[in-house]
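Peer 1: Please find one structure pasted underneath; my questions will follow.
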Amino acid sequence: MPVESGSSAAARQAKQKRKSHSLSIRRTNSTEQERSGLQRDMLEGQSSDNLESLMRMEDSKLPLSLRSNLLDLFSQIEREFENLYIENLELRREIETLNDRLAAEGQTFEGADLAKGALKTKASHSTSQLSQKLKTTYKASTSKIVSSFKATTSRAVCQLVKEYVGHRDGIWDLSVTRTQPVVLGTASADHSAMLWSIETGKCLLKYMGHQGSVNSIKFHPTEQMALTASGDQTAHIWRYMVQLPTPQPVADISQTPCEDDVDFSDKDEADVEVEGPNDCPSVRVATTTLRSHQGVVIAADWLVGGKQVVTASWDRAANLYDVETSELVHSLTGHDQELTHCCTHPTQRLVVTSSRDTTFRLWDFRDPSIHSVNVFQGHTDTVTSAVFTVGDNVVSGSDDRTVKVWDLKNMRSPIATIRTDSAVNRISVSVNQKIIALPHDNRQVRLFDMSGVRLARLPRSNRQGHRRMVCCSAWCEDNTSCNLFTCGFDRQAIGWNINIPALLQEK
């Protein structure tokens, strides 16, 4: 057999090395060309899509400024995804290179169990690092897109204007007068109700006639009278006369965009001991005391016209009283568990009661000779409140973390359902803008429209907002500085200025 010389064998080995090297270079160049082709195809497709979008925009009926804003947003999103796609291609190439290297190392150490174990560990570690890098890249890029989109489109402004501090225990309920002078009323577990100047935050009057927690407060539609419900099993009607102080210049509070990235702390801040207002005049005797309940009176409200009131109690009944005679007119029974709230229609003789039995009931007193009742089973937990709107709608909130909008003409099923992450307390609906304010157990307050679209979230941090459960919300349409009020178990009420453009509500 012929034997090759040493020099010819070395020459052949060098030739084979050059050949494998050229193949490797050719393979790499091919991969680069494929990647460039993919990028070019992607960009050409995006360009054609952009052209189609522009042509559609030309035929659009949207205002020019809005179209320009939308095109700018889409361009930003396109650039973000383009960068993300290119980064993913690079990561994919790194993964392929790593796999090739690991495969070569596997052949080198073939047959050695210890080496195989080390190889598997190394491969697992390297893959884990790449996976984490890929996740981080996806998360960062997506966050940039979402943040830029939010910053451009969220024009809702929520400004904390005034804090009303003076109660010695949690505040269950609040309400705004319907007549002049316009004042804020709060009902507290410290056995008192207070009237406040909206502009100055000063206490104007303190009612101390109850022997138990004051659970609700509502004002007469035309006279200076207040209706309060209490844990002492009574409801009181009392008159008030207040004089508003001279308004002081309001401090320049920077406007805070709703849903901004503030530091939401889950820690309960320490309660601040606040001395009650010493110079606040007080009323200790009620004009009328309504008795007949055998349990805590949790809520009360005036019927349209102000000649009758309705009360809701933990004795599972709601009572209808005549204001002038304080006599019981009707006892509304049927709920299987304690009542949690009652509300009256602003223009019709309708009453809605809520209960822990997961239902709310609609009582119709428009015909004096007979009253009808309808039962609605739309929730799976306690119905904390149900309120009327100016139109023909009822909005109900529940501990099952949902809020539902109903049509009075067809209440077989809700026309909108809002799902949240926390139990919902006493809700309120803006008369003019028809915005629903949702106070939550988790200290948040969110705003939705009647179709269930989320509009905003009130800012909350260690510096502003509620530090405990938010119990109630109330809108005020007649005040320019504060148009929404909230109260909670942090012993304070807060006045907010909410500015939500019509465009954001209609989107």
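Letters A, B, ... mark the chains of the structure tokens in the order given; residue numbers begin at 1 per chain; ligand numbers begin at 1, in order shown.
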What's around Trp314 of chain A at 10 Å? Count only C-alpha atoms, leave out sequence neighbours fewer than 2 positions away in its own chain, and write the answer as a CSV table (one decimal) with C-alpha atoms, in the first residue's frame.

Peer 2:
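Written out: result.csv:
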chain,number,residue,atom,x,y,z
A,231,GLY,CA,-76.5,52.6,65.2
A,233,GLN,CA,-81.7,52.3,66.0
A,293,HIS,CA,-86.5,49.7,63.9
A,294,GLN,CA,-85.2,46.8,66.0
A,295,GLY,CA,-81.6,47.1,64.7
A,296,VAL,CA,-79.0,49.4,63.5
A,297,VAL,CA,-80.3,52.0,61.0
A,298,ILE,CA,-77.6,51.8,58.3
A,299,ALA,CA,-79.0,54.4,55.8
A,312,ALA,CA,-82.8,50.8,55.9
A,316,ARG,CA,-84.0,43.3,57.4
A,317,ALA,CA,-86.7,45.9,56.8
A,318,ALA,CA,-86.9,49.4,55.3
A,337,GLN,CA,-80.5,39.4,55.6
A,338,GLU,CA,-79.5,42.8,56.9
A,339,LEU,CA,-79.9,45.8,54.6
A,340,THR,CA,-76.9,47.8,53.7
A,341,HIS,CA,-78.2,50.8,51.8
A,355,SER,CA,-78.9,43.8,51.3
A,356,ARG,CA,-76.4,41.2,52.4

Peer 1: Which neighbours of His466 of chain A fall inside 9 Å, counting only C-alpha atoms, when residues of the same chain fewer than 4 positions from it are skipped, and could you give them as a list of chain:residue names?

Peer 2: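 The residues that qualify are A:Arg443, A:Gln444, A:Arg460, A:Ser461, A:Asn462, A:Val470, A:Thr486, A:Cys487, A:Gly488, A:Phe489, A:Asp490, A:Gln492, A:Ala493, A:Ile494.
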
Peer 1: Would you write out those residues with C-alpha atoms, as a PDB file, in the first residue's frame?

Peer 2:
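Done, and the output landed in result-v4.pdb:
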ATOM      1  CA  ARG A 443     -58.074  52.561  49.476  1.00  0.00           C
ATOM      2  CA  GLN A 444     -58.449  53.271  45.764  1.00  0.00           C
ATOM      3  CA  ARG A 460     -52.974  57.875  46.121  1.00  0.00           C
ATOM      4  CA  SER A 461     -49.597  57.900  47.821  1.00  0.00           C
ATOM      5  CA  ASN A 462     -48.058  58.567  51.227  1.00  0.00           C
ATOM      6  CA  VAL A 470     -62.703  54.380  51.254  1.00  0.00           C
ATOM      7  CA  THR A 486     -64.648  60.849  49.174  1.00  0.00           C
ATOM      8  CA  CYS A 487     -64.411  59.702  52.780  1.00  0.00           C
ATOM      9  CA  GLY A 488     -62.864  56.751  54.540  1.00  0.00           C
ATOM     10  CA  PHE A 489     -61.828  55.122  57.751  1.00  0.00           C
ATOM     11  CA  ASP A 490     -58.728  57.296  57.960  1.00  0.00           C
ATOM     12  CA  GLN A 492     -60.908  62.381  56.787  1.00  0.00           C
ATOM     13  CA  ALA A 493     -62.940  63.502  53.796  1.00  0.00           C
ATOM     14  CA  ILE A 494     -61.228  64.721  50.643  1.00  0.00           C
TER      15      ILE A 494
END

Peer 1: What lies within 8 Å of segment 385-398 of chain A using only C-alpha atoms, ignoring chain neighbours under 5 positions off, as a PyMOL selection string?

Peer 2: chain A and resi 340-347+352-354+360+379+403-409+423-429+431+434

Peer 1: Which one of A:Ile95, A:Cys280, A:Leu160, A:Leu174 sits closest to Cys471 of chain A if you count only C-alpha atoms?

Peer 2: A:Leu174

Peer 1: Could you jot down the atom CA of Pro245 of chain A to atom CA of Asn497 of chain A separation for me, Å, one decimal place?

Peer 2: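 That distance, rounded to one decimal, is 20.8 Å.
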
Peer 1: Which residue is closest to Leu447 of chain A? Choose from A:Asn499, A:Ser372, A:Thr179, A:Thr246 and count only C-alpha atoms.

Peer 2: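 Nearest to Leu447 of chain A: A:Asn499.
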
Peer 1: Extract, using only C-alpha atoms, all DNA, RNA and protein residues at most 7 Å from segment 204-207 of chain A, discarding same-chain residues fewer than 3 positions from it, and format them as a list in words.

Peer 2: Ser192, Ala193, Met194, Leu195, Trp196, Ser197, Val242, Cys280, Pro281, Ser282, Val283 and Arg284 of chain A

Peer 1: Could you please take those selected residues and save N, CA and C atoms as a PDB file, in the first residue's frame?

Peer 2:
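Output saved as part.pdb:
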ATOM      1  N   SER A 192     -71.058  61.477  65.679  1.00  0.00           N
ATOM      2  CA  SER A 192     -71.373  62.848  65.294  1.00  0.00           C
ATOM      3  C   SER A 192     -71.470  62.968  63.781  1.00  0.00           C
ATOM      4  N   ALA A 193     -72.143  64.046  63.356  1.00  0.00           N
ATOM      5  CA  ALA A 193     -72.175  64.466  61.951  1.00  0.00           C
ATOM      6  C   ALA A 193     -71.684  65.903  61.895  1.00  0.00           C
ATOM      7  N   MET A 194     -70.947  66.244  60.854  1.00  0.00           N
ATOM      8  CA  MET A 194     -70.370  67.578  60.737  1.00  0.00           C
ATOM      9  C   MET A 194     -70.715  68.197  59.396  1.00  0.00           C
ATOM     10  N   LEU A 195     -70.879  69.527  59.413  1.00  0.00           N
ATOM     11  CA  LEU A 195     -71.048  70.308  58.197  1.00  0.00           C
ATOM     12  C   LEU A 195     -69.787  71.132  57.987  1.00  0.00           C
ATOM     13  N   TRP A 196     -69.309  71.157  56.733  1.00  0.00           N
ATOM     14  CA  TRP A 196     -68.029  71.776  56.416  1.00  0.00           C
ATOM     15  C   TRP A 196     -68.178  72.818  55.318  1.00  0.00           C
ATOM     16  N   SER A 197     -67.343  73.857  55.400  1.00  0.00           N
ATOM     17  CA  SER A 197     -67.192  74.785  54.290  1.00  0.00           C
ATOM     18  C   SER A 197     -66.343  74.108  53.226  1.00  0.00           C
ATOM     19  N   VAL A 242     -76.098  77.838  58.885  1.00  0.00           N
ATOM     20  CA  VAL A 242     -74.654  78.058  58.846  1.00  0.00           C
ATOM     21  C   VAL A 242     -74.359  79.307  58.037  1.00  0.00           C
ATOM     22  N   CYS A 280     -66.317  75.017  66.752  1.00  0.00           N
ATOM     23  CA  CYS A 280     -67.438  74.647  65.888  1.00  0.00           C
ATOM     24  C   CYS A 280     -68.717  74.572  66.711  1.00  0.00           C
ATOM     25  N   PRO A 281     -69.774  75.350  66.363  1.00  0.00           N
ATOM     26  CA  PRO A 281     -71.038  75.261  67.105  1.00  0.00           C
ATOM     27  C   PRO A 281     -71.671  73.881  66.952  1.00  0.00           C
ATOM     28  N   SER A 282     -72.476  73.484  67.909  1.00  0.00           N
ATOM     29  CA  SER A 282     -73.054  72.135  67.894  1.00  0.00           C
ATOM     30  C   SER A 282     -74.555  72.183  68.091  1.00  0.00           C
ATOM     31  N   VAL A 283     -75.221  71.154  67.591  1.00  0.00           N
ATOM     32  CA  VAL A 283     -76.655  70.934  67.772  1.00  0.00           C
ATOM     33  C   VAL A 283     -76.810  69.574  68.427  1.00  0.00           C
ATOM     34  N   ARG A 284     -77.605  69.497  69.487  1.00  0.00           N
ATOM     35  CA  ARG A 284     -77.742  68.255  70.242  1.00  0.00           C
ATOM     36  C   ARG A 284     -79.162  67.691  70.263  1.00  0.00           C
TER      37      ARG A 284
END

Peer 1: If you measure from atom CA of Leu455 of chain A to atom CA of Glu163 of chain A, what distance in Å do you get, rounded to one decimal?

Peer 2: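 That distance, rounded to one decimal, is 23.3 Å.
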
Peer 1: Excluding same-chain residues fewer than 4 positions from Ile198 of chain A, what lies within 9 Å of it counting only C-alpha atoms, as a list in words?

Peer 2: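 Answer for this query is Lys162, Tyr164, Val182, Val183, Leu184, Lys202, Asn479, Ser481, Cys482 and Gly495 of chain A.
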
Peer 1: If you measure from atom CA of His191 of chain A to atom CA of Thr177 of chain A, what distance in Å do you get, rounded to one decimal?

Peer 2: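 Separation between atom CA of His191 of chain A and atom CA of Thr177 of chain A: 20.6 Å.
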